[in-house]
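Student: Compact mmCIF, C-alpha atoms, file coords-v8.txt:
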# COMPACT_ATOMS: atom_id res chain seq x y z
CA MET G 1 0.00 0.00 0.00
CA THR G 2 1.39 3.39 -0.93
CA GLU G 3 1.41 6.26 1.51
CA ALA G 4 -2.02 7.45 2.55
CA ILE G 5 -3.48 10.41 0.72
CA MET G 6 -4.57 12.86 3.39
CA ALA G 7 -7.74 14.84 3.18
CA HIS G 8 -7.48 18.46 2.20
CA PRO G 9 -6.92 20.42 5.45
CA ALA G 10 -9.83 22.77 4.65
CA LEU G 11 -12.22 19.86 5.10
CA ARG G 12 -11.32 19.45 8.75
CA HIS G 13 -12.17 22.99 9.74
CA PRO G 14 -15.73 23.33 10.90
CA PHE G 15 -17.88 25.58 8.81
CA GLU G 16 -18.96 28.77 10.52
CA LYS G 17 -22.25 28.34 12.36
CA THR G 18 -25.07 30.05 10.53
CA SER G 19 -28.78 30.17 11.09
CA ILE G 20 -30.78 27.43 9.38
CA ASN G 21 -34.40 28.53 9.51
CA ASP G 22 -35.43 31.96 10.65
CA THR G 23 -38.94 31.24 9.51
CA GLY G 24 -40.67 28.51 7.59
CA ALA G 25 -39.09 25.21 6.67
CA THR G 26 -36.39 23.79 4.41
CA VAL G 27 -36.70 20.95 1.93
CA LEU G 28 -33.69 19.18 0.44
CA ALA G 29 -34.59 17.38 -2.77
CA SER G 30 -33.10 16.59 -6.19
CA GLY G 31 -29.81 18.24 -5.21
CA LYS G 32 -31.57 21.50 -4.40
CA THR G 33 -32.22 23.40 -1.18
CA ILE G 34 -35.70 24.87 -1.16
CA LYS G 35 -36.73 27.37 1.50
CA LEU G 36 -40.46 27.44 2.14
CA ALA G 37 -41.95 30.78 3.10
CA GLN G 38 -45.08 28.99 4.30
CA SER G 39 -45.85 25.43 5.33
CA LEU G 40 -48.05 23.43 7.72
CA VAL G 41 -46.61 20.79 10.02
CA ASP G 42 -48.89 18.34 11.82
CA GLY G 43 -46.74 15.23 11.78
CA ASN G 44 -46.76 15.62 8.00
CA LEU G 45 -45.30 18.44 5.93
CA TRP G 46 -47.89 20.33 3.89
CA VAL G 47 -46.73 22.67 1.13
CA THR G 48 -48.40 24.95 -1.40
CA PRO G 49 -48.93 23.62 -4.95
CA GLU G 50 -46.33 26.12 -6.19
CA ASP G 51 -43.76 24.81 -3.73
CA LEU G 52 -44.61 21.22 -4.71
CA THR G 53 -43.46 22.03 -8.25
CA ARG G 54 -40.32 23.80 -7.02
CA ILE G 55 -39.47 20.79 -4.88
CA ASN G 56 -39.96 17.81 -7.17
CA GLY G 57 -41.37 19.02 -10.49
CA PHE G 58 -44.85 17.58 -9.88
CA GLU G 59 -47.71 19.86 -10.92
CA LEU G 60 -51.30 19.70 -9.67
CA LYS G 61 -53.60 19.17 -12.65
CA PRO G 62 -57.24 18.06 -12.91
CA GLN G 63 -56.04 14.46 -13.46
CA GLY G 64 -53.77 14.51 -10.39
CA ALA G 65 -50.17 15.29 -9.46
CA CYS G 66 -48.20 15.00 -12.69
CA TYR G 67 -44.52 14.82 -13.64
CA GLN G 68 -43.93 14.48 -17.39
CA GLU G 69 -46.03 11.44 -18.46
CA LEU G 70 -46.59 10.23 -14.91
CA CYS G 71 -49.83 11.29 -13.17
CA ILE G 72 -50.87 10.20 -9.69
CA PRO G 73 -54.62 10.71 -9.10
CA ILE G 74 -55.26 13.06 -6.15
CA LYS G 75 -58.68 13.78 -4.62
CA GLU G 76 -59.60 17.20 -3.25
CA ASP G 77 -60.23 17.17 0.51
CA SER G 78 -58.23 14.03 1.07
CA GLU G 79 -55.24 13.17 3.21
CA LEU G 80 -53.09 14.47 0.32
CA LEU G 81 -54.84 17.72 -0.55
CA ARG G 82 -56.87 20.13 1.53
CA GLN G 83 -57.98 23.73 1.57
CA VAL G 84 -57.64 26.03 4.56
CA SER G 85 -59.22 29.44 4.03
CA GLU G 86 -58.20 30.37 0.49
CA GLN G 87 -54.99 28.32 0.46
CA ARG G 88 -54.63 24.80 -0.97
CA TRP G 89 -52.14 22.57 0.82
CA PHE G 90 -50.45 19.44 -0.52
CA ASN G 91 -49.23 16.74 1.87
CA LEU G 92 -45.66 16.28 0.68
CA THR G 93 -44.64 13.56 3.13
CA ALA G 94 -47.79 11.45 2.59
CA PHE G 95 -47.19 11.79 -1.16
CA ALA G 96 -43.63 10.53 -0.66
CA ASP G 97 -45.01 7.56 1.31
CA LEU G 98 -47.40 6.83 -1.55
CA LEU G 99 -44.49 6.90 -4.06
CA GLU G 100 -42.32 4.79 -1.71
CA GLN G 101 -39.87 7.69 -1.74
CA PRO G 102 -37.78 7.68 1.46
CA TYR G 103 -37.13 10.85 3.43
CA VAL G 104 -35.51 11.87 6.68
CA ALA G 105 -36.96 14.69 8.78
CA ASP G 106 -35.34 16.81 11.45
CA THR G 107 -38.49 18.37 12.85
CA GLU G 108 -36.66 20.34 15.53
CA ASN G 109 -34.88 22.36 12.85
CA ARG G 110 -37.76 22.01 10.36
CA ILE G 111 -35.73 20.33 7.62
CA TRP G 112 -37.00 17.51 5.38
CA SER G 113 -34.56 15.65 3.15
CA PHE G 114 -36.02 13.53 0.33
CA ALA G 115 -34.32 10.73 -1.58
CA GLN G 116 -34.90 10.25 -5.31
CA ALA G 117 -38.41 9.07 -6.09
CA PRO G 118 -38.12 5.59 -7.65
CA ALA G 119 -41.05 6.40 -9.99
CA LYS G 120 -39.02 9.20 -11.59
CA ARG G 121 -36.23 6.77 -12.42
CA SER G 122 -38.38 4.08 -14.02
CA ASP G 123 -37.29 5.15 -17.54
CA MET G 124 -33.67 4.55 -16.67
CA MET G 125 -34.37 1.17 -15.12
CA ALA G 126 -36.60 0.04 -18.01
CA ASP G 127 -35.09 1.57 -21.16
CA ALA G 128 -31.64 2.82 -20.12
CA MET G 129 -32.76 6.43 -20.64
CA ALA G 130 -30.43 8.80 -18.78
CA PRO G 131 -32.12 10.39 -15.78
CA ASP G 132 -32.50 14.14 -15.87
CA PHE G 133 -30.76 16.24 -13.25
CA GLU G 134 -30.30 19.92 -12.62
CA LEU G 135 -27.06 21.22 -11.16
CA THR G 136 -25.13 24.47 -11.38
CA ASP G 137 -21.64 24.43 -12.86
CA ARG G 138 -18.62 26.40 -11.63
CA GLN G 139 -19.51 29.28 -13.94
CA GLY G 140 -22.97 29.52 -12.39
CA LYS G 141 -24.74 28.02 -15.41
CA VAL G 142 -27.56 25.53 -14.87
CA VAL G 143 -26.69 22.14 -16.36
CA ARG G 144 -29.40 19.59 -17.19
CA MET G 145 -28.96 16.19 -18.79
CA SER G 146 -31.71 17.14 -21.24
CA ASP G 147 -29.55 20.04 -22.54
CA PHE G 148 -27.31 17.56 -24.36
CA LYS G 149 -29.73 15.84 -26.71
CA GLY G 150 -27.96 15.46 -30.07
CA LYS G 151 -24.55 15.12 -28.43
CA LYS G 152 -22.58 12.31 -26.86
CA ALA G 153 -21.87 12.89 -23.19
CA LEU G 154 -19.39 11.40 -20.78
CA ILE G 155 -20.69 11.85 -17.24
CA ILE G 156 -17.85 11.38 -14.85
CA THR G 157 -17.47 11.64 -11.08
CA TRP G 158 -14.35 12.14 -8.98
CA SER G 159 -13.43 13.38 -5.53
CA SER G 160 -10.52 14.77 -3.57
CA TRP G 161 -10.85 12.16 -0.81
CA MET O 1 -8.27 14.55 -14.61
CA PRO O 2 -5.63 15.75 -17.10
CA VAL O 3 -6.38 12.53 -19.00
CA TRP O 4 -9.96 13.60 -19.71
CA GLN O 5 -8.85 17.09 -20.72
CA HIS O 6 -6.32 15.57 -23.10
CA ILE O 7 -8.99 13.33 -24.65
CA TYR O 8 -11.40 16.25 -24.89
CA GLU O 9 -8.86 18.39 -26.72
CA GLU O 10 -7.68 15.57 -28.94
CA LEU O 11 -11.20 14.66 -30.06
CA ASN O 12 -12.16 18.32 -30.46
CA ASP O 13 -15.69 17.23 -31.37
CA PRO O 14 -18.45 19.85 -30.90
CA ASN O 15 -20.92 16.99 -30.49
CA PHE O 16 -19.08 15.45 -27.54
CA VAL O 17 -19.32 16.88 -24.03
CA ILE O 18 -17.71 15.89 -20.76
CA ILE O 19 -19.57 16.66 -17.56
CA SER O 20 -17.22 16.23 -14.64
CA ALA O 21 -18.85 16.27 -11.21
CA ALA O 22 -16.72 16.41 -8.08
CA GLN O 23 -18.48 14.41 -5.33
CA ASP O 24 -17.10 16.40 -2.46
CA THR O 25 -18.76 17.99 0.56
CA GLY O 26 -15.73 20.26 0.87
CA GLY O 27 -17.09 22.21 -2.08
CA GLU O 28 -15.32 24.73 -4.29
CA ALA O 29 -12.63 25.43 -1.67
CA VAL O 30 -11.40 21.86 -1.98
CA VAL O 31 -12.07 20.86 -5.59
CA GLY O 32 -11.77 24.24 -7.31
CA PRO O 33 -7.96 24.28 -7.24
CA ILE O 34 -7.88 20.73 -8.61
CA PHE O 35 -10.14 21.65 -11.52
CA ASP O 36 -8.05 24.77 -12.16
CA ALA O 37 -4.74 22.91 -12.04
CA ALA O 38 -5.93 20.60 -14.82
CA ASN O 39 -6.92 23.56 -17.03
CA THR O 40 -10.24 21.89 -17.66
CA THR O 41 -12.37 23.38 -20.43
CA TYR O 42 -15.29 20.94 -20.23
CA ILE O 43 -18.29 21.26 -17.90
CA GLN O 44 -17.27 21.28 -14.24
CA ILE O 45 -19.70 20.76 -11.40
CA VAL O 46 -19.01 20.93 -7.68
CA ASP O 47 -21.50 18.29 -6.60
CA THR O 48 -21.37 18.56 -2.82
CA ASN O 49 -24.36 16.28 -2.31
CA HIS O 50 -23.22 13.50 -4.64
CA THR O 51 -26.30 14.10 -6.80
CA ILE O 52 -24.78 12.55 -9.93
CA SER O 53 -23.80 9.36 -8.07
CA SER O 54 -27.31 9.28 -6.71
CA VAL O 55 -29.30 9.75 -9.92
CA PHE O 56 -27.15 7.25 -11.85
CA ASN O 57 -26.93 4.80 -8.91
CA PHE O 58 -23.12 4.73 -9.13
CA LEU O 59 -21.39 2.36 -6.75
CA ASN O 60 -18.24 4.38 -6.15
CA VAL O 61 -16.13 7.37 -7.16
CA PRO O 62 -14.75 7.74 -9.79
CA CYS O 63 -17.44 6.30 -11.99
CA ALA O 64 -18.85 7.18 -15.38
CA ALA O 65 -21.74 6.80 -17.77
CA TRP O 66 -21.80 7.26 -21.52
CA VAL O 67 -24.98 8.86 -22.86
CA ASP O 68 -25.64 8.90 -26.60
CA GLU O 69 -27.29 11.55 -28.79
CA THR O 70 -30.77 10.23 -28.05
CA GLY O 71 -30.31 10.38 -24.28
CA LYS O 72 -29.79 6.63 -23.93
CA ILE O 73 -27.11 5.29 -21.62
CA VAL O 74 -24.73 2.99 -23.52
CA ARG O 75 -22.31 2.19 -20.67
CA ILE O 76 -22.69 2.80 -16.94
CA ASP O 77 -21.17 2.50 -13.48
CA GLU O 78 -17.58 1.66 -14.30
CA GLY O 79 -14.43 2.80 -12.51
CA THR O 80 -12.67 5.09 -14.93
CA TYR O 81 -9.01 5.06 -14.05
CA ALA O 82 -7.13 5.64 -17.27
CA LYS O 83 -3.96 4.21 -15.78
CA VAL O 84 -3.21 1.20 -13.61
CA HIS O 85 -4.72 1.67 -10.16
CA HIS O 86 -4.61 -0.32 -6.96
CA PHE O 87 -8.28 -1.13 -6.78
CA GLY O 88 -8.94 -2.88 -10.04
CA GLY O 89 -8.06 0.03 -12.29
CA ASN O 90 -7.13 -0.27 -15.94
CA ASP O 91 -5.63 1.46 -18.93
CA VAL O 92 -8.20 0.32 -21.49
CA TYR O 93 -11.10 2.57 -20.57
CA ALA O 94 -9.91 5.78 -22.24
CA PRO O 95 -9.24 4.13 -25.65
CA ALA O 96 -12.70 2.53 -25.48
CA LEU O 97 -14.23 5.95 -24.84
CA ILE O 98 -12.40 7.48 -27.81
CA ASP O 99 -13.58 4.63 -30.02
CA TRP O 100 -17.19 5.30 -29.01
CA VAL O 101 -16.96 9.05 -29.64
CA LYS O 102 -15.48 8.42 -33.10
CA ASN O 103 -17.63 5.48 -34.18
CA GLY O 104 -20.88 5.94 -32.26
CA THR O 105 -23.29 3.01 -32.53
CA GLN O 106 -20.71 1.11 -34.63
CA SER O 107 -18.31 1.04 -31.67
CA GLU O 108 -17.84 -2.43 -30.21
CA PHE O 109 -18.00 -0.84 -26.75
CA VAL O 110 -21.61 0.31 -27.04
CA GLN O 111 -23.93 -1.78 -24.92
CA ASN O 112 -27.58 -2.42 -25.71
CA ALA O 113 -30.35 -1.33 -23.36
CA ASP O 114 -30.71 -4.82 -21.86
CA THR O 115 -27.06 -4.96 -20.86
CA VAL O 116 -27.11 -1.40 -19.52
CA THR O 117 -30.22 -1.91 -17.42
CA LYS O 118 -28.73 -5.13 -16.05
CA ASN O 119 -25.66 -3.09 -15.06
CA ILE O 120 -27.64 -0.39 -13.24
CA ARG O 121 -27.68 -1.11 -9.57
CA SER O 122 -31.11 -1.17 -8.05
CA LEU O 123 -31.29 0.48 -4.65
CA SER O 124 -33.28 -0.78 -1.69
CA PHE O 125 -35.55 1.52 0.30
CA ASP O 126 -32.90 1.77 3.03
CA GLU O 127 -30.13 2.56 0.55
CA LEU O 128 -32.24 5.37 -0.89
CA LYS O 129 -33.08 6.60 2.59
CA ALA O 130 -29.35 6.65 3.35
CA GLU O 131 -28.96 9.21 0.55
CA ALA O 132 -31.54 11.45 2.19
CA ALA O 133 -29.78 11.14 5.56
CA PHE O 134 -26.37 11.87 3.98
CA ARG O 135 -27.78 14.94 2.28
CA LEU O 136 -29.26 16.16 5.58
CA GLY O 137 -25.91 15.62 7.33
CA ASN O 138 -24.20 17.70 4.62
CA PHE O 139 -26.71 20.48 5.07
CA PHE O 140 -26.03 20.63 8.80
CA ARG O 141 -22.30 20.59 8.20
CA GLU O 142 -22.53 23.47 5.74
CA HIS O 143 -24.26 25.46 8.47
CA GLY O 144 -21.74 24.60 11.18
CA TYR O 145 -23.97 22.12 13.06
CA ASN O 146 -21.33 19.43 13.41
CA GLU O 147 -23.10 17.22 15.97
CA GLU O 148 -26.21 16.99 13.84
CA ALA O 149 -24.07 16.43 10.74
CA GLU O 150 -22.33 13.52 12.41
CA GLN O 151 -25.67 12.11 13.61
CA TYR O 152 -27.15 11.98 10.10
CA TRP O 153 -23.95 10.75 8.45
CA GLN O 154 -23.98 7.92 10.98
CA GLN O 155 -27.60 7.23 10.11
CA ALA O 156 -26.61 7.03 6.43
CA ARG O 157 -23.88 4.57 7.34
CA SER O 158 -26.31 2.42 9.36
CA LEU O 159 -28.84 2.39 6.53
CA ASN O 160 -26.22 1.53 3.92
CA PRO O 161 -23.22 -0.05 5.65
CA ASP O 162 -21.66 -1.06 2.33
CA SER O 163 -21.35 2.48 0.97
CA VAL O 164 -17.70 3.28 0.51
CA ASN O 165 -18.55 6.86 -0.35
CA TYR O 166 -20.26 7.75 2.92
CA TYR O 167 -17.54 6.10 4.91
CA ARG O 168 -14.64 7.76 3.13
CA GLN O 169 -16.30 11.17 2.92
CA ASN O 170 -16.89 10.95 6.68
CA LEU O 171 -13.25 10.02 7.29
CA THR O 172 -12.15 13.24 5.62
CA LEU O 173 -13.15 14.91 8.90
CA SER O 174 -10.86 12.69 10.95
CA GLU O 175 -7.18 13.22 11.62
CA GLU O 176 -6.17 10.11 9.69
CA GLY O 177 -7.91 11.25 6.48
CA SER O 178 -9.81 9.19 3.93
CA ALA O 179 -7.05 6.74 3.06
CA GLY O 180 -5.62 5.99 6.49
CA GLU O 181 -5.81 3.00 8.83
CA SER O 182 -9.64 2.88 9.01
CA PHE O 183 -9.90 2.86 5.23
CA ARG O 184 -7.30 0.11 4.87
CA LYS O 185 -9.17 -1.97 7.46
CA MET O 186 -12.39 -1.51 5.51
CA MET O 187 -10.70 -2.60 2.27
CA THR O 188 -9.39 -5.75 3.97
CA THR O 189 -12.91 -6.57 5.19
CA TYR O 190 -14.26 -5.97 1.69
CA ALA O 191 -11.71 -8.34 0.18
CA GLU O 192 -12.45 -11.01 2.81
CA GLU O 193 -16.17 -10.77 2.22
CA GLY O 194 -15.76 -10.81 -1.56
CA LYS O 195 -17.56 -7.48 -2.08
CA ASP O 196 -17.00 -5.25 -5.11
CA TYR O 197 -15.24 -1.97 -4.49
CA TYR O 198 -15.98 -1.02 -8.08
CA ARG O 199 -18.25 -2.90 -10.38
CA PRO O 200 -15.84 -5.05 -12.38
CA LEU O 201 -14.96 -3.58 -15.77
CA ASN O 202 -15.73 -5.91 -18.67
CA LEU O 203 -15.22 -4.19 -22.01
CA GLU O 204 -16.09 -7.37 -23.89
CA GLU O 205 -19.56 -7.43 -22.43
Show the structure stored in the file as structure tokens.
Tutor:
Amino acid sequence: MTEAIMAHPALRHPFEKTSINDTGATVLASGKTIKLAQSLVDGNLWVTPEDLTRINGFELKPQGACYQELCIPIKEDSELLRQVSEQRWFNLTAFADLLEQPYVADTENRIWSFAQAPAKRSDMMADAMAPDFELTDRQGKVVRMSDFKGKKALIITWSSW
Amino acid sequence: MPVWQHIYEELNDPNFVIISAAQDTGGEAVVGPIFDAANTTYIQIVDTNHTISSVFNFLNVPCAAWVDETGKIVRIDEGTYAKVHHFGGNDVYAPALIDWVKNGTQSEFVQNADTVTKNIRSLSFDELKAEAAFRLGNFFREHGYNEEAEQYWQQARSLNPDSVNYYRQNLTLSEEGSAGESFRKMMTTYAEEGKDYYRPLNLEE
């Protein structure tokens, strides 16, 4: 065995402590950090339809909650969707349970972290279609797999550790 | 990394892109200088949450996928060392890649959808949940909540004890670093138990 490669020293210094949630809640999903200005928490996390789309791309339509070709039927006034005053609320955690999408919640700090939804990866598992992703490159440009149709792409990972 | 830059320049093909994603919670401060030192001109992403590994179900780092013009994966989840490496590395991968870029579907290294889907790891509920816990740990670490970070990284480890990535990324916080005594012990256990550190590379498949 050759000599051990040590971690970069910067990794061992703790990051400066900063506030997590002054108000609202935080959702971690699809590589993104989404701050919610409003939410309801009653053991489940309820979000607005607009935030649902920001979080996982699903949109509420008459036929249900839809992402591309996939639509999950949703009834009004159900355990997934309800109206309080003028605001509609979508039960994000119950929806994840329905999709068998795992998540981990830190309710004390009001943070919910969602894994990939298996349903959104069915194309890759069935037909070898590359999954879409959305990340920002070092120049600040948004990079999506779907941007590269018509080109060959090598997707490569590496790390310093 | 200079190997990929060299290939990228040599091919000089406007219809070929390289997307290089550093799976590193240390972020730009750690990986930026490495990208810069290699004078990389392809797409560079600082992927602190290991999103690419997650969406492609990669077993380890480094790993790669080839995606063709139609968005289909034609090879996936292979260690990509272009030179001989301790842990099952090789010097045949880069030439295979060049062959594919030049010859497309005619390349002998293109795999059909059946072979590719067979080579995609399927993840259990707990393995997926481990990704969510790891991501939460990273978030706490970025905000200076080290106890909580450790708690959720440990949870990720418990949910997916075989993940080399969580283990080694976690070790970067320790004095011994990610390739010290603990890592060597883990590799010995892996070898004894006959587990794959990388998915074996089989270019004839």
Student: Which is closest to chain O among G:Phe90, G:Tyr103, G:Trp46, G:Phe95, if we use only C-alpha atoms?
Tutor: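 Among the listed residues, G:Tyr103 lies closest to chain O.
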Student: As a ChimeraX atom specification, could you give me every residue of chain O near chain G (at most 6 Å apart, counting all atoms listed in the file)?
Tutor: /O:15-24,26,44-45,51,61-73,113,117,128-129,131-133,136,142-144,172-173,177-180
Student: Could you please determine the separation between atom CA of Pro2 of chain O and atom CA of Ala94 of chain O in Å, to one decimal place?
Tutor: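 Straight-line distance from atom CA of Pro2 of chain O to atom CA of Ala94 of chain O works out to 12.0 Å.
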Student: Point out the residue among G:Glu50, G:Glu108, G:Glu59, G:Asp42 with the least atom-to-atom distance to Gln87 of chain G, counting only C-alpha atoms.
Tutor: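 Of the candidates, the smallest distance to Gln87 of chain G is held by G:Glu50.
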Student: Quick one: pull the distance between atom CA of Gln68 of chain G and atom CA of Asp51 of chain G, Å, one decimal.
Tutor: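 Separation between atom CA of Gln68 of chain G and atom CA of Asp51 of chain G: 17.1 Å.
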Student: Please measure the separation of atom CA of Leu97 of chain O and atom CA of Asn112 of chain O, giving the value in Å to one decimal.
Tutor: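 Distance reported for this atom pair: 15.8 Å.
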Student: Which is closest to Ser122 of chain O among G:Ser122, G:Ile34, G:Arg144, G:Asn44, if we use only C-alpha atoms?
Tutor: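 Among the listed residues, the smallest separation from Ser122 of chain O belongs to G:Ser122.
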